[in-house]
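Below is one structure, written out as structure tokens; comments come after it.
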Amino acid sequence: MIEIQSVLAVLSLLVIASGAFFASKKLKIPYSVLLVLVGLIIVPVVNTPGLNSIFGFLGEVTLTPELLFFIFLPILIFESAFNMNIRRMVDNVWSISSLAVGGLLISMVGIATILYILFPFVGLEVPFIVVLLFGAIISSTDPVAVLAMFKEFGAPKRLSMIFEGESLFNDGTAVALFLVILAVAQNGFDGFSTVISGVGIFLEMVILGVLFGLVMAAIFSRALRVVKSNEFVAATVLLISAHFVFILSELINESVIFGIQFNVSSIIATTVAALFLGNYSRHILSPKAETYLTKVTEHFAFMANSLVFLLAGLLFANANVDFVGLILPILLTIVVVAVMRVVAIYAVTVPLNKLRIEETIPPSWQLLLSWGSLRGALAIIIVLLIPDNFEVAGWTAGYPVKDFLLALTIGCILATLFIKAPLMGSIIRKLRLDEPEPLLEAYEADMGVYYLLNAESRFSVQKTRGFVRESEYTKLKKNLEDAIEKAYVDRNNLTHKHGKKVFEQSLHFTAIRIESHTLKQLYVNQEISEPAFRRLNGKLNLQKEKIEYAQHDAIDPSKYIDRKDIFDRLVQVMQTPLGKKPKETKIEEKLQYYRAQMILARKVTKVIGDMQTQHDKPVFLPDVYEKVISRYATYRSSSAAKVDQLLDKHTDEVSLYLATLAGRAVNAAGAHALHYLHDRGVVDEDIEHQIEHKFGLSRLK
């Protein structure tokens with residue numbers, strides 16, 4: 001039964017977390033670190049005699065295995081996996097998988113072996129299975145604090161991807177290993193047969209986790225197609241998917257199906273399902289629904305992270321563990337865990353660099369990966385999964401095994417949060433990893449010029465309308481002109497530094513963004529089918545990737561899918577009968593495809609053209625602008641020619657369908673007008689829906 005004090009405590013902790021978020025920005029302290037610190041402080045405050053009667057309710061909420069495992073963990077996994085770019089992940093699949101599996105195994109075994117050897121020197125005789133269990137608990141990394149700092153300090157995107165991918169996938173690996181080792185500790189070790197059985201269970205958990213995740217993703221993807229137009233329902237379906245997949249996996253593990261006991265990794269299943277939904281299914285959502293969903297998932301993840309770290313602080317302060325008596329083992333463990341992280345990183349990355357099967361990981365990245373091994377939510381979750389009555393043969397200490405493992409885990413988490421995390425920014429700056437990428441610099445320079453020119457234009461209009469006095473106008477006008485002049489000078493400096501090629505990259509990158517937005521709108525307007533949408537979206541993804549890698553001259557306009565589009569290729573295989581090739585594209589689909597390409601090219605030339613010519617000064621470098629505009633003019637004329645060829649060759653087949661598409665475009669224009677009125681406060685959502693229902697142009701389809 002939920003008590004009112006517990007509800008009040010949760011709400012109060014969320015208020016405290018919100019305050020800590022703003023405080024962390026001003027104090028320049030990592031948010032998660034400050035939350036744990038606040039949690040540690042809350043306990044003595046609550047226990048103060050004069051304050052206990054007022055704030056005592058804050059102690060009513062405690063971290064339990066069920067709360068962490070079934071409520072918080074699925075949200076955190078879903079948010080991370082849903083927003084991960086599968087193409088970038090495939091680019092770094094060797095480093096991510098090697099660190100997530102090989103690095104974790106090296107760390108786990110190394111920590112266990114060294115602690116087993118060294119603990120007797122500080123007066124502790126610990127069975128090997130106990131330190132092996134601890135190795136599984138502490139070897140997984142927590143990306144929350146690290147990635148926030150990577151983003152704040154501008155660390156390279158690929159480095160962030162490698163770290164996030166490792167953290168995401170070693171969660172499932174660590175929990176699977178932990179459960180296998182825990183089962184061995186409880187049931188006893190019976191030599192080689194136990195090892196074979198353990199390896200078999202581990203592989204079964206991983207393989208079945210992947211398969212079950214794909215099956216559940218397919219089911220939820222189908223459901224998403226039905227509710228895609230409503231952002232509230234779509235967000236609900238996707239958020240439910242995380243907990244549904246996770247909990248159903250656990251129910252399978254606890255059941256005997258057809259006389260067989262299955263072992264499914266709930267974390268791996270949830271990760272795979274979220275990756276599929278985020279990279280394959282999210283594209284079918286409307287822009288409005290996708291924006292809403294992104295905000296909702298980020299909000300839920302923010303609340304879950306906030307409560308986990310705050311409650312972790314409360315747990316650490318309330319832990320009934322003799323930290324003073326265990327200070328030497330804890331300090332020794334902190335050092336060993338840190339050293340083994342370094343060993344694991346170099347043991348994986350050095351061979352990868354020598355084999356050259358993937359882009360090299362620089363020495364500075366290796367160092368940062370070694371240092372950025374923060375521990376957090378998952379380690380807490382795993383250690384709390386140990387039963388309170390857990391016993392191991394040969395354990396002679398005067399306190400339970402669980403308390404001992406909890407003490408070591410708490411010590412390592414606090415050390416990484418209060419020592420490693422605060423120094424992360426300094427290390428990033430010292431290694432000069434905070435230097436912005438040339439493409440990003442060029443893109444921001446162009447957009448900055450447009451921003452300032454618009455501000456100057458709007459300011460002049462305000463003066464004309466009498467909203468600004470002459471004295472204020474003269475001063476601010478001079479400031480704006482100086483800012484614009486500086487923006488042009490800075491851009492010229494970037495041109496000398498990186499060359500004009502990077503600004504061509506930037507403008508082409510801008511064009512791809514315009515195309516992607518327009519394509520999504522065409523799909524929402526039903527002017528393009530899902531197969532045609534996926535083909536064009538795949539083409540844009542390939543082109544965007546080439547641009548980001550400074551390979552835009554190598555773009556193949558006919559290519560729309562490659563080995564990195566894992567889920568698209570998987571769906572194609574599943575939808576194609578065995579031994580048969582896909583049928584030739586229907587005439588209507590061809591018409592959709594070429595018409596959409598024509599519209600995308602026209603939209604790019606219009607938007608970029610308006611940006612370039614609407615002010616007295618050009619936004620983009622003139623020769624770069626002419627080159628990109630010329631390229632899209634060619635795209636447009638080529639697509640228009642193919643549409644004309646289809647119309648000439650199949651007039652009777654496509655003329656009626658072309659009219660249908662035109663009707664849908666008109667319908668979309670009406671909806672666009674309503675959105676315009678809504679953005680300016682003329683109509684609200686209810687009136688907007690009523691007008692669409694009463695005066696909608698759907699009859700023109």
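Following the order of the structure tokens, chains are lettered A, B, ..., residues in each are numbered from 1, and ligands are numbered from 1.
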Find the residues around Ser32 of chain A up to 12 Å (only C-alpha atoms counted), leave out those fewer than 5 positions away in its own chain, and share them as a PyMOL selection string. chain A and resi 17-18+20-21+23-25+37-39+142-149+302-313+374-377+413-414+416-418+421-422
Could you give me the residues within segment 164-360 of chain A that DSSP places in helix (DSSP H, G or I), as an MDAnalysis selection string? chainID A and resid 164:187 192:227 231:253 266:284 287:318 327:355
Residues near segment 332-349 of chain A, cut-off 9 Å, only C-alpha atoms, skip fewer than 2 positions along chain, as a PyMOL selection string: chain A and resi 95+98-99+102-108+110-111+114-115+118-119+122+135+138-139+327-330+351-354+360-361+366-367+369-371+373+408+411-413+415-416
Who sits within 9 Å of Leu621 of chain A, only C-alpha atoms, same chain under 4 positions skipped, as a short mmCIF file (atom, residue, chain, number, x, y, z; two decimals) with all heavy atoms, in the first residue's frame:
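The file below, out_25.cif, is the result:
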```
data_model
loop_
_atom_site.label_atom_id
_atom_site.label_comp_id
_atom_site.auth_asym_id
_atom_site.auth_seq_id
_atom_site.Cartn_x
_atom_site.Cartn_y
_atom_site.Cartn_z
N ASP A 446 27.59 30.05 -40.74
CA ASP A 446 26.55 30.43 -41.70
C ASP A 446 25.24 30.79 -41.00
O ASP A 446 24.62 31.81 -41.30
CB ASP A 446 26.31 29.29 -42.70
CG ASP A 446 27.39 29.22 -43.77
OD1 ASP A 446 28.11 30.21 -43.95
OD2 ASP A 446 27.51 28.15 -44.41
N LYS A 500 37.26 26.55 -48.54
CA LYS A 500 35.84 26.72 -48.88
C LYS A 500 35.09 25.39 -48.93
O LYS A 500 33.86 25.36 -48.86
CB LYS A 500 35.71 27.43 -50.23
CG LYS A 500 36.06 28.91 -50.18
CD LYS A 500 35.76 29.58 -51.51
CE LYS A 500 36.06 31.08 -51.43
NZ LYS A 500 35.75 31.76 -52.71
N PHE A 503 32.63 24.78 -46.23
CA PHE A 503 31.38 25.55 -46.32
C PHE A 503 30.44 24.97 -47.37
O PHE A 503 29.22 25.11 -47.26
CB PHE A 503 31.69 27.02 -46.60
CG PHE A 503 32.19 27.76 -45.39
CD1 PHE A 503 33.55 27.86 -45.15
CD2 PHE A 503 31.31 28.29 -44.47
CE1 PHE A 503 34.02 28.50 -44.02
CE2 PHE A 503 31.76 28.94 -43.34
CZ PHE A 503 33.13 29.04 -43.10
N GLU A 504 31.02 24.30 -48.37
CA GLU A 504 30.18 23.54 -49.29
C GLU A 504 29.54 22.36 -48.56
O GLU A 504 28.36 22.05 -48.75
CB GLU A 504 31.01 23.05 -50.48
CG GLU A 504 30.17 22.35 -51.54
CD GLU A 504 31.02 21.83 -52.69
OE1 GLU A 504 32.14 22.33 -52.88
OE2 GLU A 504 30.55 20.91 -53.38
N TYR A 625 27.31 28.89 -52.69
CA TYR A 625 25.85 28.92 -52.88
C TYR A 625 25.48 28.54 -54.31
O TYR A 625 24.59 27.71 -54.54
CB TYR A 625 25.33 30.31 -52.52
CG TYR A 625 23.92 30.58 -52.98
CD1 TYR A 625 22.83 30.05 -52.29
CD2 TYR A 625 23.68 31.34 -54.12
CE1 TYR A 625 21.53 30.30 -52.73
CE2 TYR A 625 22.39 31.60 -54.56
CZ TYR A 625 21.32 31.06 -53.86
OH TYR A 625 20.05 31.30 -54.28
N GLU A 626 26.16 29.13 -55.28
CA GLU A 626 25.84 28.85 -56.70
C GLU A 626 26.08 27.39 -57.03
O GLU A 626 25.31 26.78 -57.78
CB GLU A 626 26.69 29.75 -57.60
CG GLU A 626 26.34 31.23 -57.54
CD GLU A 626 24.93 31.52 -58.02
OE1 GLU A 626 24.40 30.71 -58.81
OE2 GLU A 626 24.37 32.55 -57.61
#
```
Exercise: Asn389 of chain A partners within 10 Å, only C-alpha atoms, chain neighbours under 5 positions left out, as an mmCIF file with C-alpha atoms, in the first residue's frame:
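The resulting out.cif:
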```
data_model
loop_
_atom_site.group_PDB
_atom_site.id
_atom_site.type_symbol
_atom_site.label_atom_id
_atom_site.label_comp_id
_atom_site.auth_asym_id
_atom_site.auth_seq_id
_atom_site.Cartn_x
_atom_site.Cartn_y
_atom_site.Cartn_z
ATOM 1 C CA PRO A 400 26.932 -10.592 5.451
ATOM 2 C CA VAL A 401 28.410 -10.988 1.962
ATOM 3 C CA LYS A 402 25.841 -8.552 0.578
#
```
Contact table segment 268-364 of chain A vs segment 512-519 of chain A, cut-off 12 Å, shortest pair per residue, only C-alpha atoms, as JSON lines:
```
{"residue": "A:His283", "atom": "CA", "partner": "A:Leu519", "partner_atom": "CA", "distance": 10.3}
{"residue": "A:Ile284", "atom": "CA", "partner": "A:Leu519", "partner_atom": "CA", "distance": 11.0}
{"residue": "A:Ser286", "atom": "CA", "partner": "A:His517", "partner_atom": "CA", "distance": 10.2}
{"residue": "A:Pro287", "atom": "CA", "partner": "A:His517", "partner_atom": "CA", "distance": 8.0}
{"residue": "A:Lys288", "atom": "CA", "partner": "A:His517", "partner_atom": "CA", "distance": 11.4}
{"residue": "A:Glu290", "atom": "CA", "partner": "A:His517", "partner_atom": "CA", "distance": 11.8}
```
Selection export as a JSON list (two decimals), in the first residue's frame, atoms kept: all heavy atoms:
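See out32.json below for the written result:
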```
[["chain", "number", "residue", "atom", "x", "y", "z"],
["A", 283, "HIS", "N", 10.41, 6.88, -37.87],
["A", 283, "HIS", "CA", 10.27, 7.69, -39.09],
["A", 283, "HIS", "C", 8.82, 7.77, -39.57],
["A", 283, "HIS", "O", 8.48, 8.67, -40.34],
["A", 283, "HIS", "CB", 11.15, 7.13, -40.21],
["A", 283, "HIS", "CG", 12.60, 7.09, -39.87],
["A", 283, "HIS", "ND1", 13.30, 8.19, -39.45],
["A", 283, "HIS", "CD2", 13.49, 6.07, -39.86],
["A", 283, "HIS", "CE1", 14.55, 7.87, -39.21],
["A", 283, "HIS", "NE2", 14.70, 6.58, -39.44],
["A", 284, "ILE", "N", 7.99, 6.84, -39.13],
["A", 284, "ILE", "CA", 6.60, 6.87, -39.59],
["A", 284, "ILE", "C", 5.75, 7.85, -38.78],
["A", 284, "ILE", "O", 4.59, 8.10, -39.10],
["A", 284, "ILE", "CB", 5.95, 5.46, -39.54],
["A", 284, "ILE", "CG1", 5.83, 4.96, -38.10],
["A", 284, "ILE", "CG2", 6.73, 4.49, -40.39],
["A", 284, "ILE", "CD1", 5.12, 3.63, -37.98],
["A", 286, "SER", "N", 4.56, 11.53, -37.34],
["A", 286, "SER", "CA", 4.53, 12.89, -37.87],
["A", 286, "SER", "C", 5.59, 13.72, -37.14],
["A", 286, "SER", "O", 6.02, 13.36, -36.04],
["A", 286, "SER", "CB", 3.15, 13.52, -37.63],
["A", 286, "SER", "OG", 2.93, 13.72, -36.24],
["A", 287, "PRO", "N", 6.07, 14.82, -37.74],
["A", 287, "PRO", "CA", 7.06, 15.66, -37.07],
["A", 287, "PRO", "C", 6.59, 16.11, -35.68],
["A", 287, "PRO", "O", 7.38, 16.16, -34.73],
["A", 287, "PRO", "CB", 7.22, 16.86, -38.02],
["A", 287, "PRO", "CG", 6.86, 16.32, -39.36],
["A", 287, "PRO", "CD", 5.77, 15.32, -39.10],
["A", 288, "LYS", "N", 5.30, 16.43, -35.57],
["A", 288, "LYS", "CA", 4.76, 16.86, -34.29],
["A", 288, "LYS", "C", 4.82, 15.74, -33.27],
["A", 288, "LYS", "O", 5.22, 15.94, -32.11],
["A", 288, "LYS", "CB", 3.30, 17.31, -34.50],
["A", 288, "LYS", "CG", 2.65, 17.92, -33.27],
["A", 288, "LYS", "CD", 1.24, 18.38, -33.60],
["A", 288, "LYS", "CE", 0.55, 18.96, -32.36],
["A", 288, "LYS", "NZ", -0.84, 19.38, -32.68],
["A", 290, "GLU", "N", 6.81, 13.09, -33.35],
["A", 290, "GLU", "CA", 8.20, 12.74, -33.05],
["A", 290, "GLU", "C", 8.82, 13.73, -32.07],
["A", 290, "GLU", "O", 9.54, 13.35, -31.14],
["A", 290, "GLU", "CB", 9.02, 12.70, -34.34],
["A", 290, "GLU", "CG", 10.44, 12.19, -34.12],
["A", 290, "GLU", "CD", 11.21, 12.02, -35.41],
["A", 290, "GLU", "OE1", 10.61, 12.17, -36.50],
["A", 290, "GLU", "OE2", 12.42, 11.73, -35.34]]
```
